[in-house]
Every structure is written in C-alpha cells, then in structure tokens.
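Shown next: query24.pdb, given as PDB, C-alpha atoms.
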```pdb
ATOM      1  CA  SER T  13       0.000   0.000   0.000  1.00  0.00           C
ATOM      2  CA  VAL T  14       0.978   3.626  -0.306  1.00  0.00           C
ATOM      3  CA  THR T  15       0.903   5.821   2.755  1.00  0.00           C
ATOM      4  CA  TYR T  16       0.508   9.577   2.862  1.00  0.00           C
ATOM      5  CA  ASN T  17      -0.359  11.678   5.867  1.00  0.00           C
ATOM      6  CA  ASN T  18       0.436  14.952   7.570  1.00  0.00           C
ATOM      7  CA  THR T  19       1.316  14.377  11.212  1.00  0.00           C
ATOM      8  CA  GLY T  20       1.113  17.783  12.865  1.00  0.00           C
ATOM      9  CA  LEU T  21       3.262  17.785  16.005  1.00  0.00           C
ATOM     10  CA  TYR T  22       5.207  14.877  14.617  1.00  0.00           C
ATOM     11  CA  SER T  23       6.355  16.408  11.303  1.00  0.00           C
ATOM     12  CA  LYS T  24       7.982  19.618  10.161  1.00  0.00           C
ATOM     13  CA  MET T  25       7.027  19.197   6.465  1.00  0.00           C
ATOM     14  CA  GLY T  26       5.261  22.136   4.834  1.00  0.00           C
ATOM     15  CA  SER T  27       1.927  22.023   3.029  1.00  0.00           C
ATOM     16  CA  HIS T  28       3.471  22.576  -0.420  1.00  0.00           C
ATOM     17  CA  TYR T  29       5.703  19.550   0.081  1.00  0.00           C
ATOM     18  CA  ASN T  30       2.681  17.514   1.157  1.00  0.00           C
ATOM     19  CA  TYR T  31       0.745  18.315  -2.011  1.00  0.00           C
ATOM     20  CA  LEU T  32       3.715  17.477  -4.234  1.00  0.00           C
ATOM     21  CA  LEU T  33       4.310  14.217  -2.389  1.00  0.00           C
ATOM     22  CA  PHE T  34       0.662  13.267  -2.728  1.00  0.00           C
ATOM     23  CA  PHE T  35       0.624  13.715  -6.496  1.00  0.00           C
ATOM     24  CA  PHE T  36       3.946  11.884  -6.856  1.00  0.00           C
ATOM     25  CA  LEU T  37       2.461   8.926  -5.011  1.00  0.00           C
ATOM     26  CA  MET T  38      -0.676   9.040  -7.122  1.00  0.00           C
ATOM     27  CA  ILE T  39       1.429   8.727 -10.272  1.00  0.00           C
ATOM     28  CA  ARG T  40       3.829   6.046  -8.987  1.00  0.00           C
ATOM     29  CA  ARG T  41       1.465   4.029  -6.814  1.00  0.00           C
ATOM     30  CA  PRO T  42       0.634   0.392  -7.664  1.00  0.00           C
ATOM     31  CA  PRO T  43      -2.899  -0.405  -8.856  1.00  0.00           C
ATOM     32  CA  ARG T  44      -5.721  -1.449  -6.519  1.00  0.00           C
ATOM     33  CA  SER T  45      -3.997  -0.127  -3.429  1.00  0.00           C
ATOM     34  CA  THR T  46      -4.994   1.931  -0.418  1.00  0.00           C
ATOM     35  CA  LEU T  47      -4.564   5.674  -0.097  1.00  0.00           C
ATOM     36  CA  PHE T  48      -4.081   7.585   3.180  1.00  0.00           C
ATOM     37  CA  PRO T  49      -4.656  11.264   2.280  1.00  0.00           C
ATOM     38  CA  TYR T  50      -4.674  14.450   4.283  1.00  0.00           C
ATOM     39  CA  THR T  51      -8.335  15.439   4.784  1.00  0.00           C
ATOM     40  CA  THR T  52      -8.132  18.936   3.270  1.00  0.00           C
ATOM     41  CA  LEU T  53      -6.838  17.547  -0.033  1.00  0.00           C
ATOM     42  CA  PHE T  54     -10.394  16.515  -0.841  1.00  0.00           C
ATOM     43  CA  ARG T  55     -11.269  20.144  -1.446  1.00  0.00           C
ATOM     44  CA  SER T  56      -9.438  20.042  -4.760  1.00  0.00           C
ATOM     45  CA  ILE T  57      -8.972  16.422  -5.784  1.00  0.00           C
ATOM     46  CA  LYS T  58     -11.683  14.755  -7.803  1.00  0.00           C
ATOM     47  CA  ILE T  59     -12.833  11.331  -6.698  1.00  0.00           C
ATOM     48  CA  ASN T  60     -12.926  10.232 -10.346  1.00  0.00           C
ATOM     49  CA  PHE T  61      -9.165  10.753 -10.486  1.00  0.00           C
ATOM     50  CA  LEU T  62      -8.744   8.321  -7.608  1.00  0.00           C
ATOM     51  CA  LYS T  63     -10.895   5.753  -9.377  1.00  0.00           C
ATOM     52  CA  GLU T  64      -8.883   6.154 -12.570  1.00  0.00           C
ATOM     53  CA  LYS T  65      -5.792   5.273 -10.540  1.00  0.00           C
ATOM     54  CA  LYS T  66      -7.559   2.095  -9.347  1.00  0.00           C
ATOM     55  CA  VAL T  67      -7.813   3.259  -5.744  1.00  0.00           C
ATOM     56  CA  GLN T  68     -10.290   1.052  -3.901  1.00  0.00           C
ATOM     57  CA  THR T  69      -9.905   2.167  -0.290  1.00  0.00           C
ATOM     58  CA  VAL T  70      -9.241   5.575   1.236  1.00  0.00           C
ATOM     59  CA  GLU T  71      -8.234   5.829   4.897  1.00  0.00           C
ATOM     60  CA  ILE T  72      -8.597   9.202   6.566  1.00  0.00           C
ATOM     61  CA  GLY T  73      -6.314  10.131   9.440  1.00  0.00           C
ATOM     62  CA  ALA T  74      -9.068  11.893  11.366  1.00  0.00           C
ATOM     63  CA  GLN T  75      -7.123  11.340  14.634  1.00  0.00           C
ATOM     64  CA  SER T  76      -9.815  13.216  16.587  1.00  0.00           C
ATOM     65  CA  PHE T  77     -13.234  14.772  16.044  1.00  0.00           C
ATOM     66  CA  SER T  78     -12.490  17.493  18.598  1.00  0.00           C
ATOM     67  CA  ASP T  79     -11.270  20.745  17.060  1.00  0.00           C
ATOM     68  CA  ARG T  80      -9.640  21.665  20.366  1.00  0.00           C
ATOM     69  CA  VAL T  81      -7.625  18.440  20.420  1.00  0.00           C
ATOM     70  CA  LEU T  82      -6.690  18.821  16.751  1.00  0.00           C
ATOM     71  CA  LYS T  83      -5.478  22.363  17.374  1.00  0.00           C
ATOM     72  CA  ASN T  84      -3.481  21.319  20.457  1.00  0.00           C
ATOM     73  CA  SER T  85      -1.863  18.585  18.388  1.00  0.00           C
ATOM     74  CA  GLY T  86      -1.009  20.831  15.445  1.00  0.00           C
ATOM     75  CA  ARG T  87      -2.931  18.631  13.034  1.00  0.00           C
ATOM     76  CA  GLY T  88      -3.828  21.377  10.554  1.00  0.00           C
ATOM     77  CA  HIS T  89      -7.359  20.189   9.776  1.00  0.00           C
ATOM     78  CA  SER T  90     -10.763  20.419  11.434  1.00  0.00           C
ATOM     79  CA  ALA T  91     -13.377  17.866  12.374  1.00  0.00           C
ATOM     80  CA  GLU T  92     -15.624  19.371   9.713  1.00  0.00           C
ATOM     81  CA  SER T  93     -13.060  18.732   6.978  1.00  0.00           C
ATOM     82  CA  THR T  94     -12.882  15.092   8.062  1.00  0.00           C
ATOM     83  CA  LEU T  95     -16.670  14.743   7.969  1.00  0.00           C
ATOM     84  CA  LYS T  96     -16.895  16.293   4.510  1.00  0.00           C
ATOM     85  CA  ALA T  97     -14.081  14.140   3.120  1.00  0.00           C
ATOM     86  CA  ALA T  98     -15.534  10.961   4.610  1.00  0.00           C
ATOM     87  CA  LYS T  99     -18.983  11.608   3.171  1.00  0.00           C
ATOM     88  CA  LEU T 100     -17.493  12.359  -0.246  1.00  0.00           C
ATOM     89  CA  ILE T 101     -15.554   9.078  -0.190  1.00  0.00           C
ATOM     90  CA  SER T 102     -18.554   7.026   0.912  1.00  0.00           C
ATOM     91  CA  GLN T 103     -20.845   8.573  -1.687  1.00  0.00           C
ATOM     92  CA  SER T 104     -18.327   7.716  -4.403  1.00  0.00           C
ATOM     93  CA  GLY T 105     -18.490   4.001  -3.658  1.00  0.00           C
ATOM     94  CA  LEU T 106     -14.892   3.759  -2.389  1.00  0.00           C
ATOM     95  CA  ARG T 107     -14.224   1.880   0.847  1.00  0.00           C
ATOM     96  CA  LEU T 108     -13.719   4.250   3.773  1.00  0.00           C
ATOM     97  CA  GLY T 109     -11.338   3.691   6.657  1.00  0.00           C
ATOM     98  CA  ILE T 110     -10.978   5.962   9.684  1.00  0.00           C
ATOM     99  CA  GLN T 111      -7.870   6.330  11.839  1.00  0.00           C
ATOM    100  CA  LEU T 112      -8.202   7.667  15.384  1.00  0.00           C
ATOM    101  CA  MET T 113      -5.555   8.515  17.972  1.00  0.00           C
ATOM    102  CA  MET T 114      -6.159   8.088  21.690  1.00  0.00           C
ATOM    103  CA  GLY T 115      -4.508  10.364  24.232  1.00  0.00           C
ATOM    104  CA  LEU T 116      -3.595  13.356  22.084  1.00  0.00           C
ATOM    105  CA  PRO T 117      -2.778  16.647  23.876  1.00  0.00           C
ATOM    106  CA  GLY T 118      -5.977  17.975  25.436  1.00  0.00           C
ATOM    107  CA  ASP T 119      -7.860  14.743  24.814  1.00  0.00           C
ATOM    108  CA  SER T 120     -10.080  13.025  27.388  1.00  0.00           C
ATOM    109  CA  GLU T 121     -11.918   9.730  27.629  1.00  0.00           C
ATOM    110  CA  LYS T 122     -15.221  11.487  26.979  1.00  0.00           C
ATOM    111  CA  ALA T 123     -13.904  13.378  23.935  1.00  0.00           C
ATOM    112  CA  PHE T 124     -12.263  10.283  22.482  1.00  0.00           C
ATOM    113  CA  LEU T 125     -15.363   8.098  22.843  1.00  0.00           C
ATOM    114  CA  GLN T 126     -17.455  10.877  21.338  1.00  0.00           C
ATOM    115  CA  GLY T 127     -15.051  10.758  18.409  1.00  0.00           C
ATOM    116  CA  VAL T 128     -15.583   7.010  18.108  1.00  0.00           C
ATOM    117  CA  LYS T 129     -19.318   7.669  18.013  1.00  0.00           C
ATOM    118  CA  GLN T 130     -18.847  10.201  15.206  1.00  0.00           C
ATOM    119  CA  ALA T 131     -16.642   7.775  13.302  1.00  0.00           C
ATOM    120  CA  ILE T 132     -19.390   5.140  13.581  1.00  0.00           C
ATOM    121  CA  SER T 133     -21.917   7.620  12.169  1.00  0.00           C
ATOM    122  CA  LEU T 134     -19.831   7.722   8.975  1.00  0.00           C
ATOM    123  CA  ASN T 135     -20.286   3.944   8.550  1.00  0.00           C
ATOM    124  CA  PRO T 136     -16.660   3.184   7.668  1.00  0.00           C
ATOM    125  CA  SER T 137     -15.575  -0.248   6.439  1.00  0.00           C
ATOM    126  CA  PHE T 138     -13.042  -0.380   9.280  1.00  0.00           C
ATOM    127  CA  VAL T 139     -11.292   1.699  11.932  1.00  0.00           C
ATOM    128  CA  ARG T 140      -7.723   1.800  13.243  1.00  0.00           C
ATOM    129  CA  ILE T 141      -6.941   3.164  16.716  1.00  0.00           C
ATOM    130  CA  TYR T 142      -3.480   4.334  17.716  1.00  0.00           C
ATOM    131  CA  PRO T 143      -2.849   5.269  21.370  1.00  0.00           C
ATOM    132  CA  VAL T 144      -0.241   8.031  21.421  1.00  0.00           C
ATOM    133  CA  VAL T 145       3.306   6.885  22.109  1.00  0.00           C
ATOM    134  CA  ILE T 146       6.067   9.456  22.562  1.00  0.00           C
ATOM    135  CA  LEU T 147       9.142   8.930  20.415  1.00  0.00           C
ATOM    136  CA  PRO T 148      12.580  10.553  20.794  1.00  0.00           C
ATOM    137  CA  GLU T 149      13.401  13.874  19.159  1.00  0.00           C
ATOM    138  CA  THR T 150       9.799  14.952  18.613  1.00  0.00           C
ATOM    139  CA  GLU T 151       7.890  18.035  19.686  1.00  0.00           C
ATOM    140  CA  LEU T 152       5.706  15.788  21.805  1.00  0.00           C
ATOM    141  CA  MET T 153       8.802  14.609  23.665  1.00  0.00           C
ATOM    142  CA  GLU T 154       9.657  18.253  24.365  1.00  0.00           C
ATOM    143  CA  MET T 155       6.151  18.792  25.745  1.00  0.00           C
ATOM    144  CA  PHE T 156       6.517  15.703  27.951  1.00  0.00           C
ATOM    145  CA  THR T 157       9.938  16.784  29.204  1.00  0.00           C
ATOM    146  CA  ASN T 158       8.573  20.239  30.065  1.00  0.00           C
ATOM    147  CA  GLY T 159       5.595  18.780  31.922  1.00  0.00           C
ATOM    148  CA  LYS T 160       3.070  19.970  29.315  1.00  0.00           C
ATOM    149  CA  TYR T 161       1.907  16.516  28.247  1.00  0.00           C
ATOM    150  CA  LYS T 162       1.264  13.261  30.086  1.00  0.00           C
ATOM    151  CA  PRO T 163       0.630  10.051  28.116  1.00  0.00           C
ATOM    152  CA  LEU T 164      -2.015   7.499  29.023  1.00  0.00           C
ATOM    153  CA  THR T 165      -1.004   4.509  31.095  1.00  0.00           C
ATOM    154  CA  LEU T 166      -1.324   1.059  29.536  1.00  0.00           C
ATOM    155  CA  GLU T 167      -4.073   0.182  32.026  1.00  0.00           C
ATOM    156  CA  LYS T 168      -6.111   3.293  31.174  1.00  0.00           C
ATOM    157  CA  THR T 169      -5.595   2.690  27.462  1.00  0.00           C
ATOM    158  CA  ILE T 170      -7.042  -0.807  27.769  1.00  0.00           C
ATOM    159  CA  GLN T 171     -10.007   0.499  29.800  1.00  0.00           C
ATOM    160  CA  ILE T 172     -10.890   3.151  27.221  1.00  0.00           C
ATOM    161  CA  GLY T 173     -10.092   0.819  24.348  1.00  0.00           C
ATOM    162  CA  GLU T 174     -12.518  -1.769  25.682  1.00  0.00           C
ATOM    163  CA  LYS T 175     -15.334   0.785  25.546  1.00  0.00           C
ATOM    164  CA  ALA T 176     -14.328   1.945  22.082  1.00  0.00           C
ATOM    165  CA  LEU T 177     -14.157  -1.553  20.603  1.00  0.00           C
ATOM    166  CA  LYS T 178     -17.514  -2.490  22.108  1.00  0.00           C
ATOM    167  CA  MET T 179     -19.058   0.533  20.396  1.00  0.00           C
ATOM    168  CA  LEU T 180     -17.500  -0.469  17.074  1.00  0.00           C
ATOM    169  CA  TYR T 181     -18.370  -4.157  17.327  1.00  0.00           C
ATOM    170  CA  ASP T 182     -21.963  -3.352  18.350  1.00  0.00           C
ATOM    171  CA  ASN T 183     -22.220  -1.509  15.029  1.00  0.00           C
ATOM    172  CA  ASN T 184     -20.510  -4.264  13.005  1.00  0.00           C
ATOM    173  CA  ILE T 185     -17.434  -2.141  12.321  1.00  0.00           C
ATOM    174  CA  PRO T 186     -14.114  -3.985  12.633  1.00  0.00           C
ATOM    175  CA  CYS T 187     -11.102  -2.432  14.317  1.00  0.00           C
ATOM    176  CA  ILE T 188      -8.278  -3.823  12.188  1.00  0.00           C
ATOM    177  CA  ARG T 189      -5.510  -2.381  14.356  1.00  0.00           C
ATOM    178  CA  PHE T 190      -5.230  -1.134  17.913  1.00  0.00           C
ATOM    179  CA  GLY T 191      -1.796   0.155  18.851  1.00  0.00           C
ATOM    180  CA  LEU T 192       1.418   0.816  16.987  1.00  0.00           C
ATOM    181  CA  PRO T 193       3.202  -2.042  15.229  1.00  0.00           C
ATOM    182  CA  GLU T 194       6.688  -3.078  16.246  1.00  0.00           C
ATOM    183  CA  ASP T 195       9.192  -0.521  14.980  1.00  0.00           C
ATOM    184  CA  SER T 196      12.827  -1.467  14.787  1.00  0.00           C
ATOM    185  CA  SER T 197      13.811   2.194  14.553  1.00  0.00           C
ATOM    186  CA  ALA T 198      12.825   2.807  18.185  1.00  0.00           C
ATOM    187  CA  SER T 199      13.598   0.425  21.027  1.00  0.00           C
ATOM    188  CA  SER T 200      11.104  -0.189  23.822  1.00  0.00           C
ATOM    189  CA  SER T 201      13.268   1.857  26.166  1.00  0.00           C
ATOM    190  CA  GLU T 202      12.958   4.871  23.857  1.00  0.00           C
ATOM    191  CA  ARG T 203       9.165   4.771  23.747  1.00  0.00           C
ATOM    192  CA  ILE T 204       7.164   6.549  26.421  1.00  0.00           C
ATOM    193  CA  GLY T 205       3.495   5.753  26.791  1.00  0.00           C
ATOM    194  CA  PRO T 206       1.086   2.855  26.249  1.00  0.00           C
ATOM    195  CA  PHE T 207       2.908   0.471  23.933  1.00  0.00           C
ATOM    196  CA  HIS T 208       2.565  -3.314  23.822  1.00  0.00           C
ATOM    197  CA  PRO T 209       3.110  -5.612  20.809  1.00  0.00           C
ATOM    198  CA  ALA T 210      -0.156  -7.461  21.571  1.00  0.00           C
ATOM    199  CA  MET T 211      -2.269  -4.512  22.641  1.00  0.00           C
ATOM    200  CA  LYS T 212      -5.323  -5.344  20.524  1.00  0.00           C
ATOM    201  CA  HIS T 213      -5.324  -8.865  21.914  1.00  0.00           C
ATOM    202  CA  MET T 214      -5.227  -7.412  25.433  1.00  0.00           C
ATOM    203  CA  VAL T 215      -8.169  -5.078  24.726  1.00  0.00           C
ATOM    204  CA  ASP T 216     -10.205  -7.797  22.991  1.00  0.00           C
ATOM    205  CA  SER T 217      -9.529 -10.179  25.888  1.00  0.00           C
ATOM    206  CA  SER T 218     -10.597  -7.563  28.437  1.00  0.00           C
ATOM    207  CA  LEU T 219     -13.793  -6.934  26.484  1.00  0.00           C
ATOM    208  CA  ALA T 220     -14.522 -10.670  26.176  1.00  0.00           C
ATOM    209  CA  TYR T 221     -14.016 -11.168  29.928  1.00  0.00           C
ATOM    210  CA  ALA T 222     -16.308  -8.225  30.754  1.00  0.00           C
ATOM    211  CA  THR T 223     -18.965  -9.581  28.388  1.00  0.00           C
ATOM    212  CA  MET T 224     -18.840 -13.060  29.953  1.00  0.00           C
ATOM    213  CA  CYS T 225     -19.070 -11.620  33.463  1.00  0.00           C
ATOM    214  CA  SER T 226     -22.141  -9.587  32.547  1.00  0.00           C
ATOM    215  CA  GLU T 227     -24.063 -12.577  31.182  1.00  0.00           C
TER     216      GLU T 227
END
```
Could you write out this file's structure as structure tokens?
Amino acid sequence: SVTYNNTGLYSKMGSHYNYLLFFFLMIRRPPRSTLFPYTTLFRSIKINFLKEKKVQTVEIGAQSFSDRVLKNSGRGHSAESTLKAAKLISQSGLRLGIQLMMGLPGDSEKAFLQGVKQAISLNPSFVRIYPVVILPETELMEMFTNGKYKPLTLEKTIQIGEKALKMLYDNNIPCIRFGLPEDSSASSSERIGPFHPAMKHMVDSSLAYATMCSE
C-alpha cells in the first residue's frame, strides 16, 4: 500500500511539500492499493481521479473529532473537513477507513469516545486506533519533558479501548488495528506511553471477559 499523511506535532514538512508528495504517489502508486490522504486535499482532488488510478480504499487520518484536540496537536485540519471528506468518499463508492488517535494533547476519555461515536456515524468499512506513544526527538517529547503533556497509562488505554471496541463491534465495524506495530527504529526503552506488541489482543480479551461476566 501507499501511505501519505500529515502528522502535525510529529512532522515539520510544509503544506506545499505535502501536495507534491501526494501527487507523486498518485502517479507512482501500484494499482488497486490503499490511499491515506490528508483530509483537506479533498477540497481540490476529484474522486474520479482516484478511481482512474484504481484506488479502492481511502483511509482518513481523522485522529480526533475534537477541534480543540486537533489544534493542540497541530494537526492542521478540522473535524468538519474530516466529515466532509468521509462523506465524499462514501458517496463515491470507495471503501472508507478511519484512523483515530487516543490520548492526544488535550484529549479526554469522553472526547475520544465521542469521536468514536462520530466515526461510527460515517459507517466506515473499518477503523484503526493508535494510542499516542512518545518517540525521541519529537515536539511531543519536548512537551513531555517540560511537563506539558502526560501520556495514558497502559491500564487506562485498555479500559478506554474496551469501551471503544464495544461501540465499534456493536455496530458491526471492525477495528483492524489497535496500537502501533513493532518498529525497529525505536527500542522499547525509547518509547514513552502505552505500547505493547499485543495490545489489541489485550483489549479484545478484556472486552470478552467483561462480556462473559455480565451474562
């Protein structure tokens, strides 16, 4: 697959570079693959162009549906732009995927779960959830060092994740990833925050146990 995204606090690339990179990928990308665009690009890109390039699935890095959280995280887009892009993709017949991040600066359990609810309202084919993990030499690391940001604990991440996955599963929406994949570029000692190589299994197991206990 081909990946493209603007990562706010986690990137220093400018918008002009992002547009050029996007079009380069659109020209060089393999057929029938998945595209991860920046939400505001859908103001100017025609869906027909995506179909001509054999794109079948478009994943949107919504990250949050709270404008306050998006602003605190330097994301560069609004919740409204995500909603508009998602509806445009769905209406076109392309498969829609939504990516959410848990524990962004200024986020809360209530705001995150409200975002999950909004994602569900868009009826995506699938969702990915990435709890925030702090990596070395990032602006987020600077915020953490200066006491301006505190990541979620693993226990809290599993608690919130259990609620989020139940909401998705109750609406027949699969969560195809929960947590970051293993990354050889950063050792476990360099990561700060809720990371575990089997995090989705842990959340699914917690949800299954809670369901059995309630029956």
What does the structure give for the distance between atom CA of Gln111 of chain T and atom CA of Gly159 of chain T, in Å to one decimal?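 The value is 27.2 Å.
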Suppose a student applies the PyMOL selection byres ((chain T and resi 188) around 7) to this structure; what residues should they get, written as a PDB file with C-alpha atoms, keeping the file's coordinate frame?
```pdb
ATOM      1  CA  PHE T 138     -13.042  -0.380   9.280  1.00  0.00           C
ATOM      2  CA  VAL T 139     -11.292   1.699  11.932  1.00  0.00           C
ATOM      3  CA  ARG T 140      -7.723   1.800  13.243  1.00  0.00           C
ATOM      4  CA  PRO T 186     -14.114  -3.985  12.633  1.00  0.00           C
ATOM      5  CA  CYS T 187     -11.102  -2.432  14.317  1.00  0.00           C
ATOM      6  CA  ARG T 189      -5.510  -2.381  14.356  1.00  0.00           C
TER       7      ARG T 189
END
```
Given the PyMOL selection byres ((chain T and resi 107-110) around 8), the residues it picks as an mmCIF file with C-alpha atoms, in the frame of the given file:
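Wrote out32.cif, looks like this:
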```
data_model
loop_
_atom_site.group_PDB
_atom_site.id
_atom_site.type_symbol
_atom_site.label_atom_id
_atom_site.label_comp_id
_atom_site.auth_asym_id
_atom_site.auth_seq_id
_atom_site.Cartn_x
_atom_site.Cartn_y
_atom_site.Cartn_z
ATOM 1 C CA GLN T 68 -10.290 1.052 -3.901
ATOM 2 C CA THR T 69 -9.905 2.167 -0.290
ATOM 3 C CA VAL T 70 -9.241 5.575 1.236
ATOM 4 C CA GLU T 71 -8.234 5.829 4.897
ATOM 5 C CA ILE T 72 -8.597 9.202 6.566
ATOM 6 C CA GLY T 73 -6.314 10.131 9.440
ATOM 7 C CA ALA T 74 -9.068 11.893 11.366
ATOM 8 C CA ALA T 98 -15.534 10.961 4.610
ATOM 9 C CA ILE T 101 -15.554 9.078 -0.190
ATOM 10 C CA SER T 102 -18.554 7.026 0.912
ATOM 11 C CA GLY T 105 -18.490 4.001 -3.658
ATOM 12 C CA LEU T 106 -14.892 3.759 -2.389
ATOM 13 C CA GLN T 111 -7.870 6.330 11.839
ATOM 14 C CA LEU T 112 -8.202 7.667 15.384
ATOM 15 C CA ALA T 131 -16.642 7.775 13.302
ATOM 16 C CA PRO T 136 -16.660 3.184 7.668
ATOM 17 C CA SER T 137 -15.575 -0.248 6.439
ATOM 18 C CA PHE T 138 -13.042 -0.380 9.280
ATOM 19 C CA VAL T 139 -11.292 1.699 11.932
ATOM 20 C CA ARG T 140 -7.723 1.800 13.243
#
```
Run the PyMOL selection byres ((chain T and resi 171-178) around 12) against the file shown and list the residues it catches, as a compact mmCIF listing (two decimals) with C-alpha atoms, in the frame of the given file.
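File written: result-v3.txt
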```txt
# COMPACT_ATOMS: atom_id res chain seq x y z
CA LEU T 112 -8.20 7.67 15.38
CA MET T 113 -5.56 8.52 17.97
CA MET T 114 -6.16 8.09 21.69
CA GLY T 115 -4.51 10.36 24.23
CA SER T 120 -10.08 13.02 27.39
CA GLU T 121 -11.92 9.73 27.63
CA LYS T 122 -15.22 11.49 26.98
CA ALA T 123 -13.90 13.38 23.94
CA PHE T 124 -12.26 10.28 22.48
CA LEU T 125 -15.36 8.10 22.84
CA GLN T 126 -17.45 10.88 21.34
CA GLY T 127 -15.05 10.76 18.41
CA VAL T 128 -15.58 7.01 18.11
CA LYS T 129 -19.32 7.67 18.01
CA GLN T 130 -18.85 10.20 15.21
CA ALA T 131 -16.64 7.78 13.30
CA ILE T 132 -19.39 5.14 13.58
CA PHE T 138 -13.04 -0.38 9.28
CA VAL T 139 -11.29 1.70 11.93
CA ARG T 140 -7.72 1.80 13.24
CA ILE T 141 -6.94 3.16 16.72
CA TYR T 142 -3.48 4.33 17.72
CA PRO T 143 -2.85 5.27 21.37
CA LEU T 164 -2.02 7.50 29.02
CA THR T 165 -1.00 4.51 31.10
CA LEU T 166 -1.32 1.06 29.54
CA GLU T 167 -4.07 0.18 32.03
CA LYS T 168 -6.11 3.29 31.17
CA THR T 169 -5.60 2.69 27.46
CA ILE T 170 -7.04 -0.81 27.77
CA MET T 179 -19.06 0.53 20.40
CA LEU T 180 -17.50 -0.47 17.07
CA TYR T 181 -18.37 -4.16 17.33
CA ASP T 182 -21.96 -3.35 18.35
CA ASN T 183 -22.22 -1.51 15.03
CA ASN T 184 -20.51 -4.26 13.00
CA ILE T 185 -17.43 -2.14 12.32
CA PRO T 186 -14.11 -3.98 12.63
CA CYS T 187 -11.10 -2.43 14.32
CA ILE T 188 -8.28 -3.82 12.19
CA ARG T 189 -5.51 -2.38 14.36
CA PHE T 190 -5.23 -1.13 17.91
CA GLY T 191 -1.80 0.16 18.85
CA PRO T 206 1.09 2.86 26.25
CA MET T 211 -2.27 -4.51 22.64
CA LYS T 212 -5.32 -5.34 20.52
CA HIS T 213 -5.32 -8.86 21.91
CA MET T 214 -5.23 -7.41 25.43
CA VAL T 215 -8.17 -5.08 24.73
CA ASP T 216 -10.20 -7.80 22.99
CA SER T 217 -9.53 -10.18 25.89
CA SER T 218 -10.60 -7.56 28.44
CA LEU T 219 -13.79 -6.93 26.48
CA ALA T 220 -14.52 -10.67 26.18
CA TYR T 221 -14.02 -11.17 29.93
CA ALA T 222 -16.31 -8.22 30.75
CA THR T 223 -18.96 -9.58 28.39
```
Which polymer residues have any atom within 8 Å of an atom of Pro209 of chain T, counting all atoms listed in the file, with same-chain residues fewer than 5 positions away left out, as a list in words? Gly191, Leu192, Pro193 and Glu194 of chain T
I'd like the interatomic distance between atom CA of Glu154 of chain T and atom CA of Ile204 of chain T, to a tenth of an Å.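 About the pair atom CA of Glu154 of chain T and atom CA of Ile204 of chain T: they are 12.1 Å apart.
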Can you measure atom CA of Ile146 of chain T to atom CA of Arg80 of chain T for me? One decimal in Å is fine.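 Separation between atom CA of Ile146 of chain T and atom CA of Arg80 of chain T: 20.0 Å.
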Which neighbours of Lys160 of chain T fall inside 12 Å, counting all atoms listed in the file, when residues of the same chain fewer than 6 positions from it are skipped, and could you give them as a list of chain:residue names?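 That gives T:Asn84, T:Leu116, T:Pro117, T:Gly118, T:Glu151, T:Leu152, T:Met153, T:Glu154.
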Could those residues be written to a file, using C-alpha atoms, as a PDB file, keeping the file's coordinate frame?
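Writing done, so here's again-v5.pdb:
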```
ATOM      1  CA  ASN T  84      -3.481  21.319  20.457  1.00  0.00           C
ATOM      2  CA  LEU T 116      -3.595  13.356  22.084  1.00  0.00           C
ATOM      3  CA  PRO T 117      -2.778  16.647  23.876  1.00  0.00           C
ATOM      4  CA  GLY T 118      -5.977  17.975  25.436  1.00  0.00           C
ATOM      5  CA  GLU T 151       7.890  18.035  19.686  1.00  0.00           C
ATOM      6  CA  LEU T 152       5.706  15.788  21.805  1.00  0.00           C
ATOM      7  CA  MET T 153       8.802  14.609  23.665  1.00  0.00           C
ATOM      8  CA  GLU T 154       9.657  18.253  24.365  1.00  0.00           C
TER       9      GLU T 154
END
```
For a cutoff of 8 Å around the file-coordinate point (-6.6, 14.3, 11.8), which residues qualify once you count all atoms listed in the file? I'd like the result as a ChimeraX atom specification. /T:19,50-51,72-77,82,87-91,94,112
Name the closest residue to Val144 of chain T among the candidates T:Phe61, T:Tyr161, T:Ala210, T:Gly86; distances are taken between atoms, counting only C-alpha atoms.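 Checking each of T:Phe61, T:Tyr161, T:Ala210, T:Gly86 against Val144 of chain T, counting only C-alpha atoms, the winner is T:Tyr161.
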Could you work out an axis-aligned bounding box for all listed atoms of segment 123-129 of chain T, with 6 Å added on each of the six sides, and give its centre and edge lengths in Å to one decimal, as JSON?
```
{"center_x": -15.8, "center_y": 10.2, "center_z": 21.0, "size_x": 19.1, "size_y": 18.4, "size_z": 17.9}
```
Residue among T:Asp119, T:Arg203, T:Ile59, T:Ser78 lying closest to Leu95 of chain T, counting all atoms listed in the file: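 Under the stated criterion, the closest residue is T:Ser78.
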